[in-house]
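Visitor: Sharing a structure below in structure tokens format, with a few things to ask.
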Amino acid sequence: MFVSVRISMLVTKMSWYYSLWADAIGFEKAKHGHIRNWKPYVLIGITFCQSLNLAAILLLLSNWVKTPFFLPIDIFPGKLLDGVLSGIITLLLPFMILNYLLVLRDKKYEEIIEKYPFRKGKLYIGYFITSVILFLLPVFIGFIMNRV
């Protein structure tokens, strides 16, 4: 019983994930119809949103967990380039690889487009806006808490 409920929850979450991808693919194809290679636009857009969501979670957890979440890198002089590289490796790269393997590899996106409807970008844009708001929320809360 418990296993079937967990599998059902996983299938539901994956359906939402693939619905998001179908909507994003349709939206980017409509927006960039003149460009034959729409894949980087969709991959970067969804990966960016997922990275913002992870960054928001890490920001919230940083109040309670004192372990560094980002990969410590000391290659370049100064800290800016090291920080950017660490952020890319920690936040962007895992989602980019996962998204590629789940959607773009072996043209799985063709099945996704057929199975899930195009919602004129509403799901994709809604996910983007929600991700930005959820990232900015802990930033503003932290800013207000430090001011008080």
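Please note that chains go A, B, ... in the order of the structure tokens, that every chain numbers its residues from 1, and that ligands are numbered from 1 in the order shown.
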Need the shell around region 121-132 of chain A: protein/DNA/RNA residues with any atom at most 8 Å away, counting only C-alpha atoms. Skip same-chain ones fewer than 6 positions apart. Format as an MDAnalysis selection string?
Guide: chainID A and resid 20:21 23:24 26:27 46 49:50 52:53
Visitor: Which is closer to Leu60 (chain A) than all the others in A:Ala22, A:Ile144, A:Leu137, A:Leu98, using only C-alpha atoms?
Guide: A:Leu137
Visitor: Determine which residues of chain A receive a DSSP assignment of helix (DSSP H, G or I), computed from the backbone, and state them as a VMD selection string.
Guide: chain A and resid 2 to 31 39 to 61 80 to 115 122 to 147
Visitor: Which one of A:Val103, A:Ile112, A:Leu136, A:Met145 sits closest to Ala56 (chain A) if you count only C-alpha atoms?
Guide: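 Ranked by minimum distance to Ala56 (chain A), first place goes to A:Leu136.
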Visitor: Find the residues around Trp38 (chain A) up to 7 Å (only C-alpha atoms counted), leave out those fewer than 5 positions away in its own chain, and share them as a ChimeraX atom specification.
Guide: /A:28-29,32
Visitor: Next, write the just-selected residues to a file, as an mmCIF file, in the first residue's frame, keeping N, CA and C atoms as the atom set.
Guide:
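For reference, again_22.cif as written:
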```
data_model
loop_
_atom_site.group_PDB
_atom_site.id
_atom_site.type_symbol
_atom_site.label_atom_id
_atom_site.label_comp_id
_atom_site.auth_asym_id
_atom_site.auth_seq_id
_atom_site.Cartn_x
_atom_site.Cartn_y
_atom_site.Cartn_z
ATOM 1 N N GLU A 28 8.713 28.374 -26.292
ATOM 2 C CA GLU A 28 9.972 28.788 -26.926
ATOM 3 C C GLU A 28 9.947 28.565 -28.429
ATOM 4 N N LYS A 29 9.278 27.514 -28.876
ATOM 5 C CA LYS A 29 9.159 27.301 -30.320
ATOM 6 C C LYS A 29 8.325 28.417 -30.947
ATOM 7 N N HIS A 32 10.593 31.712 -30.590
ATOM 8 C CA HIS A 32 11.798 31.671 -31.407
ATOM 9 C C HIS A 32 11.592 30.745 -32.600
#
```
Visitor: Just the number, please: distance in Å from CA of Leu81 (chain A) to CA of Met96 (chain A), one decimal.
Guide: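 CA of Leu81 (chain A) sits 20.2 Å away from CA of Met96 (chain A).
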Visitor: If we count only C-alpha atoms and set the cut-off at 12 Å, which residues sit around Leu85 (chain A), ignoring sequence neighbours fewer than 6 positions away in its own chain? Please answer as a compact mmCIF listing (two decimals) with N, CA and C atoms, in the first residue's frame.
Guide:
```
# COMPACT_ATOMS: atom_id res chain seq x y z
N PHE A 70 28.05 25.59 -0.90
CA PHE A 70 28.70 25.74 -2.19
C PHE A 70 30.08 25.10 -2.17
N LEU A 71 30.48 24.62 -3.32
CA LEU A 71 31.76 23.98 -3.48
C LEU A 71 32.86 25.04 -3.32
N PRO A 72 33.77 24.86 -2.37
CA PRO A 72 34.84 25.85 -2.21
C PRO A 72 35.86 25.74 -3.34
N ILE A 73 36.01 26.82 -4.08
CA ILE A 73 36.94 26.84 -5.21
C ILE A 73 37.88 28.02 -5.02
N ASP A 74 39.16 27.79 -5.24
CA ASP A 74 40.15 28.85 -5.16
C ASP A 74 41.13 28.68 -6.32
N ILE A 75 40.67 29.07 -7.50
CA ILE A 75 41.47 28.93 -8.72
C ILE A 75 41.97 30.29 -9.20
N PHE A 76 41.05 31.24 -9.23
CA PHE A 76 41.33 32.56 -9.78
C PHE A 76 41.75 33.54 -8.68
N LYS A 79 37.78 36.72 -5.45
CA LYS A 79 36.72 35.78 -5.07
C LYS A 79 35.55 35.75 -6.04
N LEU A 91 24.74 24.92 -8.37
CA LEU A 91 23.33 25.18 -8.63
C LEU A 91 22.89 24.80 -10.04
N LEU A 92 23.64 25.20 -11.04
CA LEU A 92 23.18 25.02 -12.42
C LEU A 92 23.50 23.66 -13.01
N LEU A 93 24.72 23.22 -12.86
CA LEU A 93 25.17 22.00 -13.54
C LEU A 93 24.36 20.74 -13.20
```
Visitor: Between A:Val65, A:Lys108, A:Val139, A:Ile25, which is the closest to Pro40 (chain A) once you count only C-alpha atoms?
Guide: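 Under the stated criterion, the closest residue is A:Ile25.
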Visitor: To one decimal in Å, tell me the separation between CA of Ile133 (chain A) and CA of Ala30 (chain A).
Guide: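 Rounded to one decimal, the two atoms are 25.5 Å apart.
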Visitor: Can you work out which one of A:Phe118, A:Trp16, A:Phe69, A:Tyr109 has the shortest atom-to-atom distance to Gly87 (chain A), counting only C-alpha atoms?
Guide: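 Under the stated criterion, the closest residue is A:Phe69.
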Visitor: Fewer than 5 positions away in the same chain doesn't count, so skip those; otherwise give me all residues within 12 Å of Pro68 (chain A), counting only C-alpha atoms, as a list in words.
Guide: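 Everything that qualifies: Leu58, Leu59, Leu61, Ser62, Asn63, Ile73, Ser86 and Thr90 of chain A.
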